[in-house]
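The next block holds one structure in the form of structure tokens; read it before the comments.
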Amino acid sequence: MIVLSEPSLLNDLGQRLIVLGLVGAVSLFFFPEGRRILERSLGVFFTLVVIGGVALTWRAERLRNADRDLTPAQQAAIGKAISQFPTAKFEVFTSHGNREAHALALKMVDAVKAGSGAMPVFDEQMLSLPVGLVFVLGKDADPDHAVVDTVGRLLMAARIAVISDRATALDDHTVRIVVGEKP
């Protein structure tokens, strides 16, 4: 059912259905007079196609506006993945001014706490937020850092956009999770 939860696909399909329905409805004016039953049945069909297209674009818009969230099962899976990295120190950053990002950051804090057994550094005073959820690693950390790969895949499965970055100021064993604005 991943198809029914992909906003861009639903939006494109909905727009195509609207166009098809409107073209079909307008083309009914070109039928000869003797086909009344065909005209009416096609009129109903194309009206239903337009309604379906409008419903799909409405669903796509609702999915785009929905808050990012982690279910308890997803939080537990992230915590379990984090527990595989006992030497890593985690930090979670966000802005208290962005309600949606702050709520997701609190869930990430809980997942890190469950996985590492320690409360991560939590800073909610960022002024400027990036887009998505960003894993920031130390400059000399392994380029294919397993934390980003393991935890990032779980977050992507939860439909949370994840990217990674490097920072020279971070220790190699520090993983900073910056919860930014919704893409």
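Ligands are numbered from 1 in the order shown, chains are lettered A, B, ... in the order of the structure tokens, and residues start at 1 in each chain.
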
Proximity check stretch 28-100 of chain A to stretch 105-113 of chain A, 7 Å, nearest pairs one decimal Å, only C-alpha atoms, as CSV:
residue,atom,partner,partner_atom,distance
A:Gln75,CA,A:Ala111,CA,5.2
A:Ala76,CA,A:Ala111,CA,6.5
A:Ile78,CA,A:Ala111,CA,6.0
A:Gly79,CA,A:Ala111,CA,4.6
A:Ile82,CA,A:Val112,CA,6.5
A:Val92,CA,A:Val109,CA,6.7
A:Thr94,CA,A:Ala105,CA,6.6

Could the residues in this selection be saved with N, CA and C atoms as a short mmCIF file (atom, residue, chain, number, x, y, z; two decimals), in the first residue's frame?
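Full text of again-v9.cif as output:
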data_model
loop_
_atom_site.label_atom_id
_atom_site.label_comp_id
_atom_site.auth_asym_id
_atom_site.auth_seq_id
_atom_site.Cartn_x
_atom_site.Cartn_y
_atom_site.Cartn_z
N GLN A 75 10.05 3.50 17.17
CA GLN A 75 10.98 4.01 18.18
C GLN A 75 11.77 2.87 18.80
N ALA A 76 11.12 1.75 19.07
CA ALA A 76 11.82 0.60 19.65
C ALA A 76 12.85 0.04 18.67
N ILE A 78 14.42 1.75 16.33
CA ILE A 78 15.53 2.71 16.28
C ILE A 78 16.39 2.57 17.52
N GLY A 79 15.76 2.41 18.69
CA GLY A 79 16.50 2.20 19.93
C GLY A 79 17.36 0.95 19.85
N ILE A 82 20.33 1.66 17.64
CA ILE A 82 21.29 2.52 18.33
C ILE A 82 22.09 1.72 19.36
N VAL A 92 20.99 15.46 20.14
CA VAL A 92 19.79 15.76 19.36
C VAL A 92 19.57 17.26 19.41
N THR A 94 17.27 20.64 17.76
CA THR A 94 16.07 21.09 17.05
C THR A 94 15.74 22.51 17.51
#

Distance query stretch 8-24 of chain A at most 12 Å, only C-alpha atoms, self and fewer than 5 positions along chain excluded, as an MDAnalysis selection string: chainID A and resid 2:3 29:31 39:64

Would you write out those residues with N, CA, C and O atoms, as a compact mmCIF listing (two decimals), in the first residue's frame?
# COMPACT_ATOMS: atom_id res chain seq x y z
N ILE A 2 2.15 1.13 -0.26
CA ILE A 2 3.03 2.30 -0.29
C ILE A 2 2.59 3.27 -1.38
O ILE A 2 2.77 4.47 -1.25
N VAL A 3 1.97 2.77 -2.45
CA VAL A 3 1.53 3.63 -3.54
C VAL A 3 0.49 4.63 -3.05
O VAL A 3 0.48 5.78 -3.46
N PHE A 29 -19.93 17.15 -26.12
CA PHE A 29 -20.65 18.14 -26.92
C PHE A 29 -20.52 17.86 -28.41
O PHE A 29 -21.27 18.39 -29.21
N PHE A 30 -19.59 17.00 -28.81
CA PHE A 30 -19.36 16.74 -30.22
C PHE A 30 -20.07 15.47 -30.71
O PHE A 30 -19.93 15.09 -31.86
N PHE A 31 -20.85 14.79 -29.83
CA PHE A 31 -21.59 13.60 -30.24
C PHE A 31 -22.82 14.01 -31.05
O PHE A 31 -23.45 15.03 -30.75
N GLU A 39 -24.33 9.31 -24.39
CA GLU A 39 -23.86 10.59 -23.88
C GLU A 39 -24.04 10.68 -22.36
O GLU A 39 -23.12 11.11 -21.66
N ARG A 40 -25.17 10.27 -21.87
CA ARG A 40 -25.42 10.36 -20.43
C ARG A 40 -24.51 9.41 -19.64
O ARG A 40 -23.98 9.79 -18.60
N SER A 41 -24.33 8.20 -20.13
CA SER A 41 -23.47 7.26 -19.41
C SER A 41 -22.02 7.74 -19.44
O SER A 41 -21.31 7.63 -18.43
N LEU A 42 -21.57 8.28 -20.56
CA LEU A 42 -20.22 8.82 -20.61
C LEU A 42 -20.10 10.08 -19.75
O LEU A 42 -19.07 10.31 -19.12
N GLY A 43 -21.15 10.87 -19.70
CA GLY A 43 -21.14 12.05 -18.83
C GLY A 43 -20.98 11.66 -17.37
O GLY A 43 -20.20 12.26 -16.63
N VAL A 44 -21.70 10.63 -16.94
CA VAL A 44 -21.58 10.15 -15.57
C VAL A 44 -20.17 9.59 -15.34
O VAL A 44 -19.54 9.86 -14.31
N PHE A 45 -19.67 8.81 -16.29
CA PHE A 45 -18.33 8.21 -16.16
C PHE A 45 -17.26 9.30 -16.02
O PHE A 45 -16.42 9.24 -15.11
N PHE A 46 -17.28 10.28 -16.90
CA PHE A 46 -16.25 11.32 -16.85
C PHE A 46 -16.39 12.21 -15.61
O PHE A 46 -15.41 12.71 -15.09
N THR A 47 -17.59 12.39 -15.12
CA THR A 47 -17.79 13.12 -13.87
C THR A 47 -17.16 12.36 -12.71
O THR A 47 -16.49 12.93 -11.85
N LEU A 48 -17.35 11.03 -12.70
CA LEU A 48 -16.73 10.20 -11.67
C LEU A 48 -15.20 10.23 -11.77
O LEU A 48 -14.50 10.22 -10.75
N VAL A 49 -14.67 10.29 -12.98
CA VAL A 49 -13.21 10.38 -13.16
C VAL A 49 -12.69 11.69 -12.58
O VAL A 49 -11.67 11.72 -11.88
N VAL A 50 -13.40 12.78 -12.83
CA VAL A 50 -12.99 14.08 -12.27
C VAL A 50 -13.06 14.05 -10.75
O VAL A 50 -12.14 14.51 -10.05
N ILE A 51 -14.11 13.49 -10.19
CA ILE A 51 -14.25 13.40 -8.73
C ILE A 51 -13.12 12.56 -8.15
O ILE A 51 -12.53 12.90 -7.12
N GLY A 52 -12.79 11.44 -8.82
CA GLY A 52 -11.66 10.61 -8.37
C GLY A 52 -10.35 11.37 -8.40
O GLY A 52 -9.52 11.25 -7.48
N GLY A 53 -10.13 12.15 -9.43
CA GLY A 53 -8.91 12.95 -9.52
C GLY A 53 -8.82 13.99 -8.43
O GLY A 53 -7.77 14.19 -7.82
N VAL A 54 -9.93 14.64 -8.14
CA VAL A 54 -9.96 15.63 -7.05
C VAL A 54 -9.68 14.95 -5.71
O VAL A 54 -8.93 15.46 -4.88
N ALA A 55 -10.27 13.77 -5.51
CA ALA A 55 -10.06 13.04 -4.25
C ALA A 55 -8.59 12.64 -4.10
O ALA A 55 -8.03 12.72 -3.00
N LEU A 56 -7.95 12.21 -5.17
CA LEU A 56 -6.53 11.83 -5.09
C LEU A 56 -5.63 13.02 -4.79
O LEU A 56 -4.70 12.92 -3.99
N THR A 57 -5.89 14.15 -5.42
CA THR A 57 -5.06 15.33 -5.13
C THR A 57 -5.31 15.82 -3.70
O THR A 57 -4.38 16.29 -3.04
N TRP A 58 -6.54 15.70 -3.20
CA TRP A 58 -6.83 16.07 -1.81
C TRP A 58 -6.08 15.16 -0.86
O TRP A 58 -5.50 15.61 0.12
N ARG A 59 -6.05 13.84 -1.15
CA ARG A 59 -5.31 12.88 -0.30
C ARG A 59 -3.82 13.20 -0.33
O ARG A 59 -3.14 13.14 0.71
N ALA A 60 -3.29 13.53 -1.49
CA ALA A 60 -1.86 13.87 -1.59
C ALA A 60 -1.54 15.10 -0.76
O ALA A 60 -0.51 15.15 -0.07
N GLU A 61 -2.41 16.08 -0.77
CA GLU A 61 -2.19 17.29 0.02
C GLU A 61 -2.24 16.98 1.52
O GLU A 61 -1.45 17.51 2.30
N ARG A 62 -3.15 16.13 1.94
CA ARG A 62 -3.22 15.74 3.35
C ARG A 62 -1.96 15.00 3.78
O ARG A 62 -1.47 15.20 4.88
N LEU A 63 -1.44 14.13 2.92
CA LEU A 63 -0.21 13.41 3.25
C LEU A 63 0.97 14.36 3.37
O LEU A 63 1.84 14.20 4.22
N ARG A 64 1.03 15.37 2.49
CA ARG A 64 2.12 16.34 2.55
C ARG A 64 2.07 17.16 3.83
O ARG A 64 3.09 17.53 4.38

Where does stretch 33-108 of chain A meet stretch 160-179 of chain A within 8 Å, residue by residue, with the nearest atom pair and distance in Å to one decimal for each, counting only C-alpha atoms, listed by chain and rising number, as a tab-separated table?
residue	atom	partner	partner_atom	distance
A:Arg68	CA	A:Ile160	CA	6.5
A:Thr87	CA	A:His173	CA	6.7
A:Ala88	CA	A:His173	CA	4.9
A:Lys89	CA	A:Thr174	CA	4.6
A:Phe90	CA	A:Val175	CA	4.9
A:Glu91	CA	A:Arg176	CA	4.5
A:Val92	CA	A:Ile177	CA	4.7
A:Phe93	CA	A:Val178	CA	4.6
A:Thr94	CA	A:Val179	CA	5.2
A:Ala101	CA	A:Val179	CA	5.9
A:His102	CA	A:Val179	CA	7.5
A:Leu104	CA	A:Val179	CA	7.2
A:Ala105	CA	A:Val179	CA	5.8

Quick one: write out the picked residues with N, CA and C atoms as a PDB file, in the first residue's frame?
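The resulting part_23.pdb:
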ATOM      1  N   ARG A  68       5.420  14.471  10.671  1.00  0.00           N
ATOM      2  CA  ARG A  68       6.278  13.285  10.724  1.00  0.00           C
ATOM      3  C   ARG A  68       6.123  12.693  12.111  1.00  0.00           C
ATOM      4  N   THR A  87      29.740   2.759  21.683  1.00  0.00           N
ATOM      5  CA  THR A  87      30.784   3.780  21.834  1.00  0.00           C
ATOM      6  C   THR A  87      30.356   5.140  21.301  1.00  0.00           C
ATOM      7  N   ALA A  88      29.254   5.178  20.580  1.00  0.00           N
ATOM      8  CA  ALA A  88      28.808   6.452  19.996  1.00  0.00           C
ATOM      9  C   ALA A  88      28.111   7.306  21.039  1.00  0.00           C
ATOM     10  N   LYS A  89      28.407   8.603  20.989  1.00  0.00           N
ATOM     11  CA  LYS A  89      27.746   9.588  21.846  1.00  0.00           C
ATOM     12  C   LYS A  89      26.749  10.338  20.957  1.00  0.00           C
ATOM     13  N   PHE A  90      25.508  10.420  21.403  1.00  0.00           N
ATOM     14  CA  PHE A  90      24.467  11.029  20.590  1.00  0.00           C
ATOM     15  C   PHE A  90      24.075  12.393  21.126  1.00  0.00           C
ATOM     16  N   GLU A  91      23.753  13.280  20.185  1.00  0.00           N
ATOM     17  CA  GLU A  91      23.233  14.606  20.492  1.00  0.00           C
ATOM     18  C   GLU A  91      22.017  14.820  19.608  1.00  0.00           C
ATOM     19  N   VAL A  92      20.988  15.455  20.140  1.00  0.00           N
ATOM     20  CA  VAL A  92      19.792  15.756  19.356  1.00  0.00           C
ATOM     21  C   VAL A  92      19.566  17.263  19.414  1.00  0.00           C
ATOM     22  N   PHE A  93      19.462  17.892  18.243  1.00  0.00           N
ATOM     23  CA  PHE A  93      19.256  19.327  18.144  1.00  0.00           C
ATOM     24  C   PHE A  93      17.974  19.602  17.359  1.00  0.00           C
ATOM     25  N   THR A  94      17.269  20.638  17.761  1.00  0.00           N
ATOM     26  CA  THR A  94      16.074  21.088  17.047  1.00  0.00           C
ATOM     27  C   THR A  94      15.743  22.505  17.509  1.00  0.00           C
ATOM     28  N   ALA A 101       8.792  19.620  14.328  1.00  0.00           N
ATOM     29  CA  ALA A 101      10.178  19.151  14.455  1.00  0.00           C
ATOM     30  C   ALA A 101      10.523  18.859  15.914  1.00  0.00           C
ATOM     31  N   HIS A 102      10.033  19.691  16.818  1.00  0.00           N
ATOM     32  CA  HIS A 102      10.300  19.489  18.247  1.00  0.00           C
ATOM     33  C   HIS A 102       9.687  18.178  18.740  1.00  0.00           C
ATOM     34  N   LEU A 104       9.058  15.491  16.959  1.00  0.00           N
ATOM     35  CA  LEU A 104       9.858  14.390  16.407  1.00  0.00           C
ATOM     36  C   LEU A 104      11.195  14.266  17.129  1.00  0.00           C
ATOM     37  N   ALA A 105      11.792  15.396  17.488  1.00  0.00           N
ATOM     38  CA  ALA A 105      13.068  15.370  18.212  1.00  0.00           C
ATOM     39  C   ALA A 105      12.903  14.705  19.577  1.00  0.00           C
TER      40      ALA A 105
END

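Here atom CA of A:Gly138 stands at a distance of 24.6 Å from atom CA of A:Lys182.
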
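If you look at atom CA of A:Pro183 and atom CA of A:Ser116, they are 28.4 Å away from each other.
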
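Remark: for A:Ala81, the closest of the candidate residues A:Arg36, A:Arg99, A:Arg153, A:Arg159 is A:Arg153 (distances computed over only C-alpha atoms).
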
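Atom CA of A:Ser95 lies 7.8 Å from atom CA of A:Ser128.
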